[in-house]
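Below is one structure; the comments refer to it alone.
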Amino acid sequence: MNPIQREVTIGPCRLILGDCLEVLPTIGKVDAVITDPPYGNNYSTERRLGIYRPSTRITGDILSEPLLNDVAAVLEPLLNDVAAVYWFAAPDRLDMVLPILKRWQVINVIAWDKGNCTAGDLECSYGKQWEAIVFAVTSKAPLVGSRDRDIFRFPRMNGADYVHPTQKPVELIEYICGRHSANLILDPFMGSGTTGVACIRKERQFIGIEKEPKYFDIAVKRIEQAWRLKCSELPFEPEPVLKQKTLCD
Ligand SMILES: C[S@@+](CC[C@H](N)C(=O)[O-])C[C@H]1O[C@@H](n2cnc3c(N)ncnc32)[C@H](O)[C@@H]1O
C-alpha cells in the first residue's frame with residue numbers, strides 16, 4: 001500500500017500526509033532535519049483550554065520511545081555527510097531522547113527560552129520556561145555566522161495565534177535554518193508546518209510529513225500563505241505552484 005495518503009507541492013515545499021515511519025524510506029537524501037516530535041504529554045492546562053478550542057490535546061501525541069528510536073534509525077541513511085539535526089525535547093525527557101540521538105555527534109543541548117512559562121502545578125513546582133533542542137551532526141561543519149550561545153531566546157506566540165497546540169515560533173526555526181547552508185530540510189513531524197514556513201522565508205527546500213489530516217491541512221494553508229507572500233517580495237514573479245496528489249490519482 002502507498003504510504004503517501006496525500007501529497008501537496010507548494011513552491012519549494014513537498015508536504016506529505018502519512019506516517020513518517022512509512023513515508024521516510026521513500027524520500028531521498030536531505031541536508032538537515034529540524035523537528036519537534038511528540039513529547040508524549042498529551043495534556044492541556046486550564047489556561048490553554050481557554051485559548052485553543054475545541055481541544056488543546058494533540059491528536060496522536062503518545063509517549064513513544066520506540067517510535068522516536070525507529071524514526072531516528074530510518075533517518076540515518078537519509079542524512080548527507082554533513083547534515084545537521086535539531087530535535088526538540090522536553091527537558092525531563094532528555095534521558096530518553098539523548099541515547100536515541102547519540103547515533104550522531106551530539107554537539108549541544110540548546111535551551112529554548114520561551115520568555116514565559118506554562119501554568120502546570122502552580123504551588124509545588126517551578127514554572128517551566130525552557131524546552132530542549134538537541135543539536136547533532138553527521139560530521140562537524142562550521143556554523144554560518146558569528147558564534148552564539150546555547151540559549152535561544154524567542155518568545156512563545158500569543159495564545160490566540162496558535163493553530164496547533166505545540167506550535168513553535170517561526171522566528172526560532174528561521175534562526176536555526178540560517179545557521180546552516182543546508183539546501184533541503186526535512187521535518188518528519190510537521191504539525192502545523194512551522195518548519196516549512198521558515199524554509200520559505202529562508203529560501204530553502206522543504207519536505208514535511210504529518211500523519212493527522214487536520215494538522216496537515218493547516219500546514220498546507222500556512223505554507224501556501226507564506227509562499228504567496230514570498231512570491232510577492234521576489235524581484236521576479238514565479239508562479240505559485242500548488243499541485244495535489246491523492247491516492248486516487
Ligand atoms: C509536537 S507536534 C509538531 C508541532 C510543530 N512544530 C508546529 O510548530 O506546528 C508533533 C506532530 O507530529 C505528528 N505525528 C505524530 N506521530 C507521527 C508520525 N508517526 N508520522 C507523522 N507525524 C506524526 C503529530 O500529529 C503532531 O502534529
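Ligands are numbered from 1 in the order shown, chains are lettered A, B, ... in the order of the C-alpha cells, and residues start at 1 in each chain.
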
Could you pull the residues within 6 Å of Val33 (chain A), counting only C-alpha atoms, minus those fewer than 3 positions along the same chain, as a list of chain:residue names?
-> A:Val85, A:Ile185, A:Leu186, A:Asp187

Could those selected residues go to a file with N, CA and C atoms, as a short mmCIF file (atom, residue, chain, number, x, y, z; two decimals), in the first residue's frame?
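Saved to result-v1.cif:
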data_model
loop_
_atom_site.label_atom_id
_atom_site.label_comp_id
_atom_site.auth_asym_id
_atom_site.auth_seq_id
_atom_site.Cartn_x
_atom_site.Cartn_y
_atom_site.Cartn_z
N VAL A 85 21.06 17.95 12.64
CA VAL A 85 19.76 17.52 13.18
C VAL A 85 19.43 18.40 14.38
N ILE A 185 15.66 20.70 3.71
CA ILE A 185 15.41 20.49 5.14
C ILE A 185 14.15 19.63 5.30
N LEU A 186 14.23 18.69 6.23
CA LEU A 186 13.13 17.74 6.45
C LEU A 186 12.54 17.93 7.84
N ASP A 187 11.21 17.87 7.92
CA ASP A 187 10.55 17.78 9.23
C ASP A 187 9.57 16.60 9.19
#

Set the cut-off to 6 Å, count only C-alpha atoms and all ligand atoms, and list whatever residues fall near ligand 1 as JSON, numbers by chain.
-> {"A": [19, 20, 21, 36, 37, 38, 59, 60, 61, 164, 166, 167, 168, 188, 189, 190, 191, 192, 193, 194, 209, 210, 211, 212, 215]}

Among region 20-187 of chain A, which residues carry a DSSP assignment of helix (DSSP H, G or I), reported as a count of residues only?
-> 48

Nearest candidate to His180 (chain A) (options A:Val220, A:Ala73, A:Val137, A:Val144; using only C-alpha atoms) |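 With only C-alpha atoms as the atom set, the closest residue is A:Val144.
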
Region 148-151 of chain A surroundings by only C-alpha atoms, 6 Å radius, close-in-sequence under 2 positions cut, as a ChimeraX atom specification | /A:110-112

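The gap separating CA of Leu75 (chain A) from CA of Cys199 (chain A) is 19.5 Å, in Å to one decimal.
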
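Minimum distance to Ile100 (chain A) across A:Trp87, A:Phe216, A:Tyr162, A:Tyr175 (counting only C-alpha atoms) occurs at A:Trp87.
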
Minimum-distance residue to Glu174 (chain A), chosen among A:Ile200, A:Leu229, A:Leu17, A:Ala84 (using only C-alpha atoms) |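 Going through A:Ile200, A:Leu229, A:Leu17, A:Ala84 one by one, the smallest distance to Glu174 (chain A) is for A:Ile200.
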
Region 37-245 of chain A: which residues are strand (DSSP E) by DSSP, as a PyMOL selection string?
-> chain A and resi 79-89+105-113+130-137+151-153+184-187+205-210+242-245

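Residues in contact with Lys114 (chain A) at 7 Å, where only C-alpha atoms are counted and same-chain residues fewer than 2 positions away are skipped, are listed as Trp112, Asn116, Gln129, Trp130, Arg153, Phe154, Pro155 and Arg156 of chain A.
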
Spatial neighbours of Glu233 (chain A), max dist 12 Å, only C-alpha atoms, sep filter under 6 positions, as JSON, numbers by chain = {"A": [200, 201, 203, 226, 227]}

With N, CA and C atoms retained, export the selected residues as a PDB file, in the first residue's frame.
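To be explicit, this is the file written out as out08.pdb:
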ATOM      1  N   ILE A 200      10.579  28.576   3.627  1.00  0.00           N
ATOM      2  CA  ILE A 200      10.208  29.519   2.552  1.00  0.00           C
ATOM      3  C   ILE A 200      10.851  30.872   2.821  1.00  0.00           C
ATOM      4  N   ARG A 201      10.756  31.332   4.066  1.00  0.00           N
ATOM      5  CA  ARG A 201      11.323  32.662   4.376  1.00  0.00           C
ATOM      6  C   ARG A 201      12.830  32.680   4.152  1.00  0.00           C
ATOM      7  N   GLU A 203      14.453  30.728   2.044  1.00  0.00           N
ATOM      8  CA  GLU A 203      14.728  30.255   0.676  1.00  0.00           C
ATOM      9  C   GLU A 203      15.414  28.890   0.665  1.00  0.00           C
ATOM     10  N   ALA A 226       2.589  31.607   3.151  1.00  0.00           N
ATOM     11  CA  ALA A 226       3.986  32.076   3.213  1.00  0.00           C
ATOM     12  C   ALA A 226       4.586  32.153   1.812  1.00  0.00           C
ATOM     13  N   TRP A 227       4.229  31.174   0.975  1.00  0.00           N
ATOM     14  CA  TRP A 227       4.777  31.150  -0.392  1.00  0.00           C
ATOM     15  C   TRP A 227       4.220  32.305  -1.221  1.00  0.00           C
TER      16      TRP A 227
END

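The space separating CA of Gly28 (chain A) from CA of Ile10 (chain A) comes to 18.3 Å.
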
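Reported to one decimal place, the separation of CA of Thr195 (chain A) from CA of Ile207 (chain A) is 9.3 Å.
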
Test item: residues at most 9 Å from Leu78 (chain A), only C-alpha atoms, excluding those fewer than 2 positions along its chain, as an NGL selection string = :A and (24-25 or 27-31 or 74-76 or 80)

Prev. selection, N, CA, C and O atoms, output as a short mmCIF file (atom, residue, chain, number, x, y, z; two decimals), in the first residue's frame:
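Result file follows (again23.cif):
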data_model
loop_
_atom_site.label_atom_id
_atom_site.label_comp_id
_atom_site.auth_asym_id
_atom_site.auth_seq_id
_atom_site.Cartn_x
_atom_site.Cartn_y
_atom_site.Cartn_z
N LEU A 24 9.23 7.90 5.21
CA LEU A 24 10.65 8.28 5.14
C LEU A 24 11.47 7.40 4.18
O LEU A 24 12.29 7.93 3.42
N PRO A 25 11.26 6.09 4.17
CA PRO A 25 12.08 5.28 3.26
C PRO A 25 11.86 5.60 1.78
O PRO A 25 12.65 5.19 0.94
N ILE A 27 11.74 8.79 0.57
CA ILE A 27 12.32 10.08 0.15
C ILE A 27 13.84 9.93 0.05
O ILE A 27 14.41 9.00 0.59
N GLY A 28 14.46 10.87 -0.65
CA GLY A 28 15.92 10.77 -0.85
C GLY A 28 16.70 11.44 0.27
O GLY A 28 16.19 11.63 1.37
N LYS A 29 17.94 11.79 -0.06
CA LYS A 29 18.85 12.39 0.93
C LYS A 29 18.41 13.81 1.30
O LYS A 29 17.87 14.54 0.46
N VAL A 30 18.68 14.20 2.54
CA VAL A 30 18.40 15.57 2.98
C VAL A 30 19.63 16.16 3.66
O VAL A 30 20.52 15.43 4.10
N ASP A 31 19.66 17.50 3.76
CA ASP A 31 20.83 18.18 4.34
C ASP A 31 20.65 18.49 5.82
O ASP A 31 21.62 18.76 6.52
N VAL A 74 15.44 5.15 10.78
CA VAL A 74 15.06 5.29 9.37
C VAL A 74 15.70 6.55 8.77
O VAL A 74 16.01 6.62 7.59
N LEU A 75 15.91 7.58 9.64
CA LEU A 75 16.51 8.83 9.16
C LEU A 75 17.99 8.65 8.82
O LEU A 75 18.52 9.34 7.93
N GLU A 76 18.64 7.75 9.53
CA GLU A 76 20.10 7.65 9.45
C GLU A 76 20.62 7.60 8.00
O GLU A 76 21.47 8.41 7.64
N ASN A 80 22.78 13.51 4.72
CA ASN A 80 24.03 13.76 3.99
C ASN A 80 25.22 13.73 4.95
O ASN A 80 25.04 13.76 6.16
#

For each of A:Leu184, A:Leu67, A:Leu94, A:Val170, take the minimum atom-to-atom distance to Ile223 (chain A), counting only C-alpha atoms, then give the residue where this is smallest.
->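 Result for the nearest residue to Ile223 (chain A): A:Val170.
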